[in-house]
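As stored in entry.cif (mmCIF, C-alpha atoms and all ligand atoms):
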```cif
data_protein
loop_
_atom_site.label_atom_id
_atom_site.label_comp_id
_atom_site.auth_asym_id
_atom_site.auth_seq_id
_atom_site.Cartn_x
_atom_site.Cartn_y
_atom_site.Cartn_z
CA MET A 1 -88.91 51.72 160.93
CA ILE A 2 -90.56 54.91 159.70
CA ARG A 3 -94.33 54.98 160.25
CA ILE A 4 -96.50 57.22 158.11
CA GLY A 5 -100.19 57.84 158.78
CA LEU A 6 -102.79 58.87 156.19
CA ILE A 7 -105.35 61.39 157.37
CA GLY A 8 -108.05 63.38 155.63
CA LYS A 9 -111.74 63.93 155.16
CA PRO A 10 -114.00 61.01 154.21
CA ASN A 11 -113.81 60.09 150.50
CA ALA A 12 -110.48 61.92 149.97
CA GLY A 13 -108.86 58.74 148.67
CA LYS A 14 -106.83 57.60 151.69
CA SER A 15 -107.63 53.92 151.24
CA THR A 16 -106.98 54.14 147.50
CA LEU A 17 -103.53 55.61 148.14
CA PHE A 18 -102.95 53.08 150.92
CA THR A 19 -103.65 50.15 148.58
CA ALA A 20 -101.57 51.68 145.79
CA LEU A 21 -98.61 52.01 148.16
CA THR A 22 -98.92 48.75 150.05
CA ASP A 23 -100.71 46.36 147.69
CA VAL A 24 -102.97 45.48 150.62
CA PRO A 25 -106.56 45.35 149.32
CA VAL A 26 -108.95 47.32 151.55
CA ASP A 27 -112.43 48.76 151.14
CA ILE A 28 -112.58 51.68 148.72
CA ALA A 29 -115.91 53.26 147.83
CA ASN A 30 -117.49 56.46 146.74
CA TYR A 31 -119.25 57.22 150.00
CA PRO A 32 -117.99 58.68 153.26
CA PHE A 33 -116.78 56.54 156.16
CA THR A 34 -115.99 53.49 154.04
CA THR A 35 -113.05 52.79 156.33
CA VAL A 36 -114.24 52.06 159.84
CA LYS A 37 -111.14 50.40 161.25
CA PRO A 38 -107.49 51.38 160.72
CA ASN A 39 -105.56 49.46 158.04
CA LEU A 40 -101.89 48.68 158.39
CA GLY A 41 -99.51 47.85 155.55
CA MET A 42 -95.92 47.96 154.41
CA SER A 43 -94.59 50.16 151.68
CA PHE A 44 -91.04 51.26 150.94
CA ILE A 45 -88.76 54.19 150.31
CA LYS A 46 -86.40 53.88 147.36
CA VAL A 47 -82.74 54.63 148.05
CA SER A 48 -79.63 54.08 146.01
CA CYS A 49 -77.86 50.81 146.93
CA PRO A 50 -74.03 50.77 146.97
CA GLU A 51 -73.93 47.15 145.70
CA LYS A 52 -72.43 48.26 142.37
CA GLU A 53 -69.41 49.77 144.14
CA ILE A 54 -68.43 46.36 145.51
CA GLY A 55 -69.58 44.54 142.39
CA LYS A 56 -71.69 41.95 144.22
CA LYS A 57 -75.46 41.55 144.46
CA CYS A 58 -76.83 42.67 147.83
CA LYS A 59 -79.02 40.43 149.96
CA PRO A 60 -81.47 42.56 151.94
CA ARG A 61 -82.80 41.05 155.14
CA GLU A 62 -85.92 43.22 154.78
CA GLY A 63 -87.38 44.67 151.58
CA THR A 64 -85.83 44.16 148.15
CA CYS A 65 -83.33 45.70 145.75
CA VAL A 66 -84.21 46.17 142.09
CA ASP A 67 -81.59 47.41 139.60
CA GLY A 68 -79.48 49.01 142.32
CA ILE A 69 -82.47 50.70 143.96
CA ARG A 70 -83.01 49.51 147.48
CA HIS A 71 -86.59 49.34 148.76
CA VAL A 72 -86.41 50.14 152.47
CA PRO A 73 -89.63 49.16 154.29
CA VAL A 74 -91.86 51.79 155.88
CA GLU A 75 -95.19 51.29 157.62
CA ILE A 76 -98.35 52.98 156.31
CA ILE A 77 -101.50 53.42 158.39
CA ASP A 78 -104.89 54.23 156.86
CA VAL A 79 -107.60 55.47 159.22
CA PRO A 80 -111.27 56.46 158.93
CA GLY A 81 -112.17 59.89 157.57
CA LEU A 82 -111.91 62.88 159.88
CA ILE A 83 -114.47 65.69 159.90
CA GLU A 84 -114.77 69.03 161.63
CA GLY A 85 -116.07 68.50 165.15
CA ALA A 86 -114.58 64.99 165.37
CA SER A 87 -113.14 65.89 168.78
CA GLU A 88 -116.76 66.37 169.92
CA GLY A 89 -117.64 62.95 168.53
CA LYS A 90 -118.90 63.97 165.06
CA GLY A 91 -118.54 61.44 162.25
CA MET A 92 -116.39 58.59 163.49
CA GLY A 93 -115.08 60.81 166.31
CA ASN A 94 -111.32 61.00 166.67
CA GLU A 95 -110.47 58.11 169.00
CA PHE A 96 -109.12 56.18 166.02
CA LEU A 97 -106.34 58.77 165.74
CA ASP A 98 -104.72 56.98 168.68
CA ASN A 99 -103.52 54.50 166.06
CA LEU A 100 -101.33 57.26 164.64
CA ARG A 101 -99.74 58.04 168.00
CA ASN A 102 -96.26 56.89 167.21
CA SER A 103 -96.19 57.70 163.51
CA ASP A 104 -93.26 59.83 162.37
CA ALA A 105 -95.21 61.88 159.85
CA LEU A 106 -98.76 62.26 158.59
CA ILE A 107 -99.89 62.62 155.01
CA HIS A 108 -102.94 64.85 154.85
CA ILE A 109 -104.84 63.84 151.71
CA PHE A 110 -107.63 65.97 150.35
CA ASP A 111 -109.74 66.28 147.24
CA PRO A 112 -109.25 69.88 146.06
CA LEU A 113 -112.57 69.88 144.20
CA ASP A 114 -114.55 68.65 147.16
CA SER A 115 -113.88 71.54 149.50
CA SER A 116 -117.05 73.36 148.63
CA GLU A 117 -119.89 72.70 151.03
CA LEU A 118 -122.39 73.19 148.22
CA PRO A 119 -123.64 69.92 146.75
CA GLY A 120 -122.78 69.42 143.10
CA VAL A 121 -120.29 72.29 142.97
CA ARG A 122 -116.96 70.94 141.73
CA ASP A 123 -114.97 74.09 141.16
CA LEU A 124 -111.65 74.94 142.64
CA ASN A 125 -112.51 77.31 145.46
CA LEU A 126 -109.26 78.26 147.15
CA GLU A 127 -110.84 79.98 150.12
CA GLU A 128 -113.00 76.93 150.91
CA LEU A 129 -110.02 74.69 150.30
CA ASN A 130 -107.89 76.63 152.80
CA ASN A 131 -110.65 76.49 155.41
CA SER A 132 -111.18 72.82 154.85
CA MET A 133 -107.46 71.98 155.13
CA HIS A 134 -107.14 73.96 158.34
CA ALA A 135 -110.28 72.37 159.79
CA THR A 136 -108.87 68.86 159.30
CA GLU A 137 -105.48 69.77 160.73
CA ASN A 138 -107.18 71.51 163.65
CA GLU A 139 -108.89 68.24 164.52
CA ILE A 140 -105.46 66.60 164.72
CA MET A 141 -104.22 69.37 167.02
CA ASP A 142 -107.36 69.02 169.17
CA TRP A 143 -106.91 65.29 169.44
CA PHE A 144 -103.27 65.62 170.46
CA SER A 145 -103.81 68.49 172.89
CA ASP A 146 -106.73 66.56 174.44
CA ARG A 147 -104.38 63.64 174.99
CA ILE A 148 -101.78 65.92 176.56
CA PHE A 149 -104.32 67.65 178.75
CA ARG A 150 -106.05 64.46 179.90
CA ASP A 151 -105.75 64.13 183.73
CA TRP A 152 -103.56 67.22 183.66
CA GLU A 153 -104.22 68.73 187.06
CA LYS A 154 -103.11 65.75 189.10
CA PHE A 155 -100.16 65.09 186.82
CA ALA A 156 -99.00 68.73 186.85
CA ARG A 157 -99.28 69.02 190.63
CA LYS A 158 -97.21 65.88 191.12
CA CYS A 159 -94.52 66.95 188.63
CA ASP A 160 -94.21 70.47 190.04
CA ALA A 161 -93.85 69.03 193.54
CA SER A 162 -91.21 66.54 192.42
CA GLY A 163 -88.96 69.31 191.07
CA ASP A 164 -88.22 67.24 187.92
CA ARG A 165 -87.44 69.10 184.70
CA ILE A 166 -90.55 69.82 182.61
CA GLU A 167 -89.18 67.89 179.63
CA SER A 168 -88.65 64.72 181.63
CA SER A 169 -92.12 64.96 183.19
CA LEU A 170 -93.73 65.47 179.78
CA TYR A 171 -91.60 62.68 178.37
CA THR A 172 -93.18 60.18 180.78
CA LYS A 173 -96.63 61.43 179.92
CA LEU A 174 -96.07 61.39 176.17
CA ALA A 175 -93.83 58.32 175.80
CA SER A 176 -96.37 56.47 173.66
CA PHE A 177 -96.30 59.28 171.09
CA GLY A 178 -92.72 58.44 170.19
CA LEU A 179 -91.30 61.78 171.37
CA SER A 180 -87.86 61.76 172.94
CA GLU A 181 -86.86 64.00 175.83
CA LYS A 182 -84.66 65.87 173.36
CA ASP A 183 -87.66 66.42 171.05
CA ILE A 184 -89.73 67.78 173.92
CA ALA A 185 -86.94 70.13 175.03
CA SER A 186 -86.69 71.47 171.50
CA VAL A 187 -90.45 72.02 171.29
CA LEU A 188 -90.37 73.89 174.62
CA SER A 189 -87.58 76.15 173.37
CA GLU A 190 -89.57 77.07 170.28
CA GLU A 191 -92.33 79.12 172.00
CA PHE A 192 -93.09 80.49 175.45
CA PHE A 193 -94.60 77.96 177.86
CA PRO A 194 -95.28 78.53 181.59
CA GLY A 195 -92.37 77.33 183.74
CA ARG A 196 -94.64 75.30 186.01
CA LEU A 197 -96.88 72.62 184.53
CA SER A 198 -99.74 73.53 186.88
CA LEU A 199 -99.88 76.93 185.17
CA TRP A 200 -100.49 75.44 181.71
CA ASP A 201 -103.94 75.84 180.28
CA LYS A 202 -105.64 74.19 177.31
CA GLY A 203 -104.22 76.86 175.01
CA ASP A 204 -100.67 75.93 176.07
CA ALA A 205 -101.43 72.27 175.36
CA LYS A 206 -102.72 73.21 171.91
CA LYS A 207 -99.67 75.38 171.22
CA PHE A 208 -97.45 72.47 172.28
CA ALA A 209 -99.38 70.16 169.93
CA SER A 210 -98.98 72.53 167.02
CA VAL A 211 -95.19 72.89 167.51
CA VAL A 212 -94.83 69.09 167.79
CA PHE A 213 -96.53 68.67 164.43
CA LYS A 214 -94.45 71.38 162.83
CA LYS A 215 -91.14 70.19 164.19
CA ILE A 216 -91.27 66.47 164.88
CA LYS A 217 -94.34 64.97 163.26
CA PRO A 218 -94.77 66.88 160.05
CA ILE A 219 -98.15 66.95 158.32
CA VAL A 220 -97.47 66.77 154.61
CA ARG A 221 -100.28 68.00 152.35
CA VAL A 222 -101.20 65.98 149.31
CA ALA A 223 -103.91 67.00 146.83
CA ASN A 224 -105.45 63.84 145.41
CA LYS A 225 -107.65 63.23 142.36
CA ALA A 226 -105.41 65.46 140.26
CA ASP A 227 -106.69 63.44 137.29
CA LEU A 228 -109.99 65.34 137.67
CA LEU A 229 -108.31 68.77 137.52
CA SER A 230 -108.04 70.72 134.28
CA GLU A 231 -104.62 71.91 133.16
CA ASP A 232 -105.53 75.41 134.39
CA GLN A 233 -106.59 74.10 137.79
CA LEU A 234 -103.37 72.11 138.06
CA GLN A 235 -101.45 75.29 137.29
CA VAL A 236 -103.36 77.25 139.96
CA MET A 237 -102.69 74.55 142.60
CA HIS A 238 -99.05 74.40 141.58
CA ASP A 239 -98.57 78.17 141.69
CA LYS A 240 -100.55 78.87 144.87
CA TYR A 241 -99.34 75.98 146.99
CA SER A 242 -95.70 75.18 146.40
CA ASP A 243 -95.72 72.88 149.46
CA ILE A 244 -98.62 70.74 148.23
CA THR A 245 -97.97 67.59 146.20
CA LEU A 246 -100.48 66.77 143.46
CA VAL A 247 -101.20 63.06 142.95
CA SER A 248 -103.75 60.62 141.62
CA ALA A 249 -104.26 57.67 143.95
CA GLU A 250 -106.63 56.12 141.43
CA TYR A 251 -104.03 56.10 138.65
CA GLU A 252 -101.39 54.86 141.08
CA LEU A 253 -103.66 52.00 142.05
CA ALA A 254 -104.37 51.20 138.39
CA LEU A 255 -100.62 50.88 137.78
CA THR A 256 -100.07 48.77 140.92
CA ARG A 257 -102.85 46.42 139.78
CA ALA A 258 -101.63 46.27 136.17
CA PHE A 259 -98.18 45.40 137.48
CA SER A 260 -99.56 42.69 139.82
CA SER A 261 -101.39 41.09 136.91
CA LYS A 262 -98.25 41.38 134.72
CA ILE A 263 -99.86 43.73 132.19
CA ILE A 264 -96.98 46.15 132.70
CA ASP A 265 -93.41 45.28 133.66
CA ARG A 266 -92.92 48.08 136.22
CA THR A 267 -94.93 50.87 137.81
CA GLU A 268 -92.48 53.60 136.76
CA THR A 269 -93.84 55.57 133.80
CA ASN A 270 -91.39 53.99 131.37
CA PHE A 271 -93.34 50.72 131.73
CA SER A 272 -93.78 48.40 128.75
CA ILE A 273 -97.25 47.04 128.10
CA SER A 274 -97.61 43.29 127.64
CA ASP A 275 -98.99 41.89 124.37
CA SER A 276 -101.79 40.32 126.38
CA ALA A 277 -103.29 43.75 127.22
CA THR A 278 -106.62 44.53 125.58
CA PRO A 279 -106.85 47.70 123.42
CA LYS A 280 -108.94 49.30 126.17
CA GLN A 281 -106.34 48.53 128.84
CA ARG A 282 -103.60 49.83 126.56
CA GLU A 283 -105.49 53.06 126.01
CA ALA A 284 -106.08 53.55 129.75
CA LEU A 285 -102.42 52.87 130.56
CA GLU A 286 -101.22 55.34 127.91
CA LYS A 287 -103.57 57.95 129.34
CA ILE A 288 -102.05 57.37 132.78
CA ARG A 289 -98.53 57.56 131.35
CA LYS A 290 -99.38 60.89 129.75
CA PHE A 291 -100.91 62.19 132.97
CA PHE A 292 -97.78 61.40 135.00
CA ALA A 293 -95.59 63.05 132.36
CA ASN A 294 -97.08 66.36 133.53
CA ARG A 295 -94.38 67.88 135.69
CA LYS A 296 -96.90 69.44 138.02
CA VAL A 297 -97.99 66.03 139.34
CA SER A 298 -95.96 63.64 141.47
CA ARG A 299 -95.77 59.90 141.96
CA ALA A 300 -96.98 58.49 145.26
CA TYR A 301 -93.59 56.98 146.15
CA ASP A 302 -92.01 60.41 145.73
CA ILE A 303 -94.10 61.59 148.70
CA LEU A 304 -92.57 58.90 150.92
CA GLU A 305 -89.06 59.80 149.78
CA LYS A 306 -89.74 63.49 150.31
CA ILE A 307 -91.01 62.81 153.83
CA SER A 308 -87.93 60.80 154.71
CA LYS A 309 -85.41 63.23 153.19
CA ASP A 310 -86.87 66.71 153.35
CA TRP A 311 -89.22 66.52 156.32
CA LEU A 312 -87.70 63.98 158.68
CA HIS A 313 -84.14 64.67 157.47
CA HIS A 314 -83.27 60.99 157.39
CA ILE A 315 -80.15 59.51 155.87
CA VAL A 316 -79.59 55.89 154.92
CA VAL A 317 -76.78 53.92 156.53
CA PHE A 318 -75.64 50.38 155.72
CA PRO A 319 -74.19 48.55 158.74
CA VAL A 320 -71.89 45.59 157.93
CA TYR A 321 -69.94 43.08 159.99
CA ASP A 322 -66.99 42.74 157.62
CA GLU A 323 -65.64 46.05 156.33
CA SER A 324 -63.78 44.43 153.41
CA SER A 325 -66.52 42.30 151.90
CA TRP A 326 -69.42 44.53 153.13
CA THR A 327 -71.20 41.46 154.49
CA ASP A 328 -72.77 40.20 157.70
CA LYS A 329 -71.40 37.18 159.58
CA SER A 330 -73.06 34.79 157.11
CA GLY A 331 -71.60 36.45 154.03
CA ASN A 332 -74.76 38.34 152.95
CA VAL A 333 -73.78 41.52 151.08
CA LEU A 334 -75.15 44.78 152.52
CA PRO A 335 -77.88 43.02 154.53
CA ASP A 336 -79.34 46.11 156.20
CA ALA A 337 -80.29 49.64 155.16
CA PHE A 338 -81.31 51.84 158.07
CA LEU A 339 -83.05 55.18 157.81
CA MET A 340 -81.69 57.40 160.59
CA PRO A 341 -82.08 61.07 161.51
CA LEU A 342 -79.45 63.42 160.10
CA GLY A 343 -76.81 64.00 162.78
CA SER A 344 -76.90 60.38 163.99
CA THR A 345 -73.55 59.14 165.28
CA ALA A 346 -71.69 55.84 165.05
CA LEU A 347 -72.91 55.12 168.59
CA ASP A 348 -76.54 55.77 167.57
CA LEU A 349 -76.08 53.22 164.78
CA ALA A 350 -74.62 50.71 167.25
CA TYR A 351 -77.68 51.09 169.49
CA LYS A 352 -79.99 50.79 166.51
CA ILE A 353 -78.40 47.44 165.59
CA HIS A 354 -78.80 46.19 169.16
CA THR A 355 -78.72 47.69 172.65
CA GLN A 356 -75.88 45.33 173.58
CA ILE A 357 -73.83 46.41 170.55
CA GLY A 358 -74.33 50.00 171.71
CA GLU A 359 -73.36 49.24 175.28
CA GLY A 360 -70.23 47.35 174.19
CA PHE A 361 -69.20 49.94 171.55
CA ILE A 362 -65.42 50.04 170.99
CA ARG A 363 -65.00 51.77 167.63
CA ALA A 364 -66.49 52.03 164.16
CA ILE A 365 -64.87 51.59 160.76
CA ASP A 366 -65.90 53.38 157.59
CA ALA A 367 -66.00 50.47 155.14
CA ARG A 368 -65.28 52.69 152.11
CA THR A 369 -62.16 54.39 153.47
CA HIS A 370 -61.25 51.80 156.17
CA ARG A 371 -60.80 54.75 158.51
CA VAL A 372 -61.42 54.09 162.20
CA VAL A 373 -63.91 56.51 163.74
CA GLY A 374 -65.14 57.09 167.30
CA ARG A 375 -68.55 56.98 168.92
CA ASP A 376 -69.31 60.64 168.21
CA HIS A 377 -68.53 60.39 164.51
CA VAL A 378 -71.49 61.89 162.62
CA LEU A 379 -72.71 59.59 159.87
CA SER A 380 -73.30 60.70 156.28
CA ASP A 381 -75.97 59.63 153.80
CA GLY A 382 -75.01 56.32 152.17
CA ASP A 383 -72.29 55.42 154.71
CA ILE A 384 -71.27 51.77 155.05
CA ILE A 385 -70.13 51.22 158.63
CA ARG A 386 -68.75 48.38 160.71
CA ILE A 387 -69.28 48.63 164.45
CA VAL A 388 -66.68 46.89 166.60
CA SER A 389 -68.24 45.99 169.92
CA LYS A 390 -67.40 43.90 172.99
CA SER A 391 -70.59 41.92 172.54
N1 LIG B 401 -110.82 60.29 140.07
C1 LIG B 401 -110.26 59.85 141.16
N2 LIG B 401 -110.98 59.20 142.09
C2 LIG B 401 -110.36 58.76 143.20
C3 LIG B 401 -108.96 58.97 143.41
N3 LIG B 401 -108.62 58.43 144.60
C4 LIG B 401 -109.77 57.89 145.11
N4 LIG B 401 -110.81 58.08 144.28
C5 LIG B 401 -112.20 57.65 144.49
O1 LIG B 401 -112.72 58.33 145.63
C6 LIG B 401 -113.61 57.47 146.37
C7 LIG B 401 -113.17 57.38 147.80
O2 LIG B 401 -111.93 56.70 147.89
P1 LIG B 401 -111.44 56.00 149.24
O3 LIG B 401 -110.03 55.59 149.00
O4 LIG B 401 -112.39 54.98 149.71
O5 LIG B 401 -111.49 57.27 150.21
P2 LIG B 401 -111.14 57.35 151.80
O6 LIG B 401 -110.45 58.65 152.01
O7 LIG B 401 -110.44 56.13 152.23
O8 LIG B 401 -112.61 57.43 152.40
P3 LIG B 401 -113.14 57.00 153.90
O9 LIG B 401 -112.60 55.66 154.22
O10 LIG B 401 -114.61 57.04 153.76
O11 LIG B 401 -112.64 58.07 154.80
C8 LIG B 401 -113.59 56.14 145.63
O12 LIG B 401 -114.70 56.09 144.76
C9 LIG B 401 -112.31 56.16 144.84
O13 LIG B 401 -112.32 55.36 143.69
C10 LIG B 401 -108.22 59.67 142.40
O14 LIG B 401 -107.02 59.89 142.49
N5 LIG B 401 -108.93 60.08 141.31
MG MG B 402 -110.94 54.75 153.58
#
```

Could you express the structure from this file as structure tokens?
Ligand SMILES: Nc1nc2c(ncn2[C@@H]2O[C@H](COP(=O)(O)OP(=O)(O)OP(=O)(O)O)[C@@H](O)[C@H]2O)c(=O)[nH]1
Ligand SMILES: [Mg+2]
Amino acid sequence: MIRIGLIGKPNAGKSTLFTALTDVPVDIANYPFTTVKPNLGMSFIKVSCPEKEIGKKCKPREGTCVDGIRHVPVEIIDVPGLIEGASEGKGMGNEFLDNLRNSDALIHIFDPLDSSELPGVRDLNLEELNNSMHATENEIMDWFSDRIFRDWEKFARKCDASGDRIESSLYTKLASFGLSEKDIASVLSEEFFPGRLSLWDKGDAKKFASVVFKKIKPIVRVANKADLLSEDQLQVMHDKYSDITLVSAEYELALTRAFSSKIIDRTETNFSISDSATPKQREALEKIRKFFANRKVSRAYDILEKISKDWLHHIVVFPVYDESSWTDKSGNVLPDAFLMPLGSTALDLAYKIHTQIGEGFIRAIDARTHRVVGRDHVLSDGDIIRIVSKS
């Protein structure tokens, strides 16, 4: 399952976004360091379900499917606010970042109007904003490079003496960060690193950390509290930072709550408002609808989809047991939807279902075309695949 961590300065709106995405109520307040312990919750990525093609309703083992849109579960982690100097113990320090070790991507949330250090100044100051964004991301790099460099000397000496390849030595050291040996090899090929681990210094560890976050654990920037920005400020953010997504966690949360209490019938902006809504509620909901109609702002779920598709390059694959009825052994239609990295093969899918299915792999069958394919067959987005295995 994909794991996504929320990071950012105190008060940026991490917990608000977390609750909007997961429906898990946590502490939200207008003062720094409200969150003192990490929160864990489930959200989902929306993908198109092929149930219509077979003309039968699917029965997901995990998540749900609404109107042909499959909700594939993803894990979201909310952590305390991070400030400059956290690696030296400032604020809440950065030990809590260990909870994000094996996340696949991080969402960096910030309040674009809060970047000024001057109290009371709520203007968009792009220079301050840039500095502030870099400072937060630097803390992440420091945390990760500190973890890499911890007990380095002894480790490096032992690895160099063993004659093992650098990537396999680093793999053992960094296993809990969810990096594969292949990932590490690709990071090492990206920049120059000393050929012997005992020659690495702290700068090399930091460079390694930065390439890991660029290549394997992307940090996706999200500007929150867009509801407080003027149209001109929204335009500036949109023009200057094409890679930054503008959202409003507060409005997202309002819609999640209105949906939970049945005041609206869906959280998509084409929601209908129930007759039981008070005039005040109706007015607030229409304001939110209008806000989200602005093409410069995005919906929170779009961030998750973007991470899966554009940053992690994941595809969705539906494994089935029976290639004719698209069911599992018990007759459930399209029971699973797996998010897998682009380039995954039929054998990778077999292993993802179960190690034994992978080990006993015989062949795979494309359930749409009924074509038999081999272990190295590269899967495509939306594939429905049967794995034939000895076990
Ligand atoms: N206007 C507006 N306010 C927001 C938005 N998101 C969060 N807030 C407010 O900002 C304050 C901080 O929100 P939190 O979600 O607690 O922030 P946090 O990043 O989790 O803060 P820490 O746990 O202290 O690090 C609260 O008063 C929220 O109501 C938003 O999109 N718009
Ligand atoms: Mg919080």

Show me, as an MDAnalysis selection string, the residues that have an atom within 12 Å of stretch 173-182 of chain A when counting all atoms listed in the file, minus same-chain residues fewer than 6 positions from it.
chainID A and resid 2:3 97:105 144:152 155:156 159 165:167 188:189 208:209 212:213 215:217

Let me see the file: selected residues, C-alpha atoms, as a compact mmCIF listing (two decimals), in the frame of the given file.
```
# COMPACT_ATOMS: atom_id res chain seq x y z
CA ILE A 2 -90.56 54.91 159.70
CA ARG A 3 -94.33 54.98 160.25
CA LEU A 97 -106.34 58.77 165.74
CA ASP A 98 -104.72 56.98 168.68
CA ASN A 99 -103.52 54.50 166.06
CA LEU A 100 -101.33 57.26 164.64
CA ARG A 101 -99.74 58.04 168.00
CA ASN A 102 -96.26 56.89 167.21
CA SER A 103 -96.19 57.70 163.51
CA ASP A 104 -93.26 59.83 162.37
CA ALA A 105 -95.21 61.88 159.85
CA PHE A 144 -103.27 65.62 170.46
CA SER A 145 -103.81 68.49 172.89
CA ASP A 146 -106.73 66.56 174.44
CA ARG A 147 -104.38 63.64 174.99
CA ILE A 148 -101.78 65.92 176.56
CA PHE A 149 -104.32 67.65 178.75
CA ARG A 150 -106.05 64.46 179.90
CA ASP A 151 -105.75 64.13 183.73
CA TRP A 152 -103.56 67.22 183.66
CA PHE A 155 -100.16 65.09 186.82
CA ALA A 156 -99.00 68.73 186.85
CA CYS A 159 -94.52 66.95 188.63
CA ARG A 165 -87.44 69.10 184.70
CA ILE A 166 -90.55 69.82 182.61
CA GLU A 167 -89.18 67.89 179.63
CA LEU A 188 -90.37 73.89 174.62
CA SER A 189 -87.58 76.15 173.37
CA PHE A 208 -97.45 72.47 172.28
CA ALA A 209 -99.38 70.16 169.93
CA VAL A 212 -94.83 69.09 167.79
CA PHE A 213 -96.53 68.67 164.43
CA LYS A 215 -91.14 70.19 164.19
CA ILE A 216 -91.27 66.47 164.88
CA LYS A 217 -94.34 64.97 163.26
```

Compile a residue-level contact table for chain A against ligand LIG 401 (chain B) at a cut-off of 7 Å, reporting for every qualifying residue the shortest atom pair and its distance in Å to one decimal, with all atoms listed in the file counted, rows ordered by chain and ascending number, as a tab-separated table.
```
residue	atom	partner	partner_atom	distance
A:Gly8	CA	B:LIG401	O6	6.4
A:Lys9	CA	B:LIG401	O11	5.9
A:Pro10	CA	B:LIG401	O11	3.3
A:Asn11	CA	B:LIG401	O8	3.5
A:Ala12	CA	B:LIG401	O6	3.9
A:Gly13	CA	B:LIG401	O3	3.4
A:Lys14	CA	B:LIG401	O6	3.8
A:Ser15	CA	B:LIG401	O3	3.7
A:Thr16	CA	B:LIG401	O3	3.7
A:Leu17	CA	B:LIG401	O3	6.6
A:Asp27	CA	B:LIG401	O4	6.4
A:Ile28	CA	B:LIG401	O4	3.5
A:Ala29	CA	B:LIG401	C8	4.3
A:Asn30	CA	B:LIG401	O12	3.4
A:Tyr31	CA	B:LIG401	O10	6.0
A:Pro32	CA	B:LIG401	O10	3.8
A:Phe33	CA	B:LIG401	O10	3.3
A:Thr34	CA	B:LIG401	O10	3.8
A:Thr35	CA	B:LIG401	O9	3.6
A:Val36	CA	B:LIG401	O9	6.9
A:Pro80	CA	B:LIG401	O11	4.6
A:Gly81	CA	B:LIG401	O11	3.3
A:Asn224	CA	B:LIG401	O14	5.2
A:Lys225	CA	B:LIG401	O14	3.4
A:Ala226	CA	B:LIG401	O14	6.2
A:Asp227	CA	B:LIG401	N5	5.7
A:Leu228	CA	B:LIG401	N1	5.7
A:Val247	CA	B:LIG401	O14	6.6
A:Ser248	CA	B:LIG401	O14	3.5
A:Ala249	CA	B:LIG401	O14	3.8
A:Glu250	CA	B:LIG401	O14	3.9
A:Tyr251	CA	B:LIG401	O14	6.2
```

Write out the residues from the selection above, keeping C-alpha atoms, as an mmCIF file, in the coordinates of the input.
```cif
data_model
loop_
_atom_site.group_PDB
_atom_site.id
_atom_site.type_symbol
_atom_site.label_atom_id
_atom_site.label_comp_id
_atom_site.auth_asym_id
_atom_site.auth_seq_id
_atom_site.Cartn_x
_atom_site.Cartn_y
_atom_site.Cartn_z
ATOM 1 C CA GLY A 8 -108.050 63.380 155.630
ATOM 2 C CA LYS A 9 -111.740 63.930 155.160
ATOM 3 C CA PRO A 10 -114.000 61.010 154.210
ATOM 4 C CA ASN A 11 -113.810 60.090 150.500
ATOM 5 C CA ALA A 12 -110.480 61.920 149.970
ATOM 6 C CA GLY A 13 -108.860 58.740 148.670
ATOM 7 C CA LYS A 14 -106.830 57.600 151.690
ATOM 8 C CA SER A 15 -107.630 53.920 151.240
ATOM 9 C CA THR A 16 -106.980 54.140 147.500
ATOM 10 C CA LEU A 17 -103.530 55.610 148.140
ATOM 11 C CA ASP A 27 -112.430 48.760 151.140
ATOM 12 C CA ILE A 28 -112.580 51.680 148.720
ATOM 13 C CA ALA A 29 -115.910 53.260 147.830
ATOM 14 C CA ASN A 30 -117.490 56.460 146.740
ATOM 15 C CA TYR A 31 -119.250 57.220 150.000
ATOM 16 C CA PRO A 32 -117.990 58.680 153.260
ATOM 17 C CA PHE A 33 -116.780 56.540 156.160
ATOM 18 C CA THR A 34 -115.990 53.490 154.040
ATOM 19 C CA THR A 35 -113.050 52.790 156.330
ATOM 20 C CA VAL A 36 -114.240 52.060 159.840
ATOM 21 C CA PRO A 80 -111.270 56.460 158.930
ATOM 22 C CA GLY A 81 -112.170 59.890 157.570
ATOM 23 C CA ASN A 224 -105.450 63.840 145.410
ATOM 24 C CA LYS A 225 -107.650 63.230 142.360
ATOM 25 C CA ALA A 226 -105.410 65.460 140.260
ATOM 26 C CA ASP A 227 -106.690 63.440 137.290
ATOM 27 C CA LEU A 228 -109.990 65.340 137.670
ATOM 28 C CA VAL A 247 -101.200 63.060 142.950
ATOM 29 C CA SER A 248 -103.750 60.620 141.620
ATOM 30 C CA ALA A 249 -104.260 57.670 143.950
ATOM 31 C CA GLU A 250 -106.630 56.120 141.430
ATOM 32 C CA TYR A 251 -104.030 56.100 138.650
#
```

Name all residues at most 12 Å from A:Pro73 (count all atoms listed in the file; drop same-chain ones fewer than 5 positions away) and give them as an NGL selection string.
:A and (1-4 or 21-22 or 41-47 or 60-65 or 301 or 304-305 or 308 or 336-339)

Quick one: pull the distance between atom CA of A:Ser198 and atom CA of A:Ile184, Å, one decimal.
17.4 Å

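Remark: for A:Gly89, the closest of the candidate residues A:Thr256, A:Leu342, A:Thr245, A:Glu139 is A:Glu139 (distances computed over all atoms listed in the file).
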
Please provide as number ranges by chain all residues within 7 Å of stretch 326-333 of chain A, with the sequence filter that same-chain residues fewer than 4 positions apart are discarded (counting all atoms listed in the file).
A: 57-59, 320-322

To one decimal place, how far is atom CA of A:Lys306 from atom CA of A:Leu246 in Å?
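According to the coordinates, atom CA of A:Lys306 and atom CA of A:Leu246 are separated by 13.2 Å.
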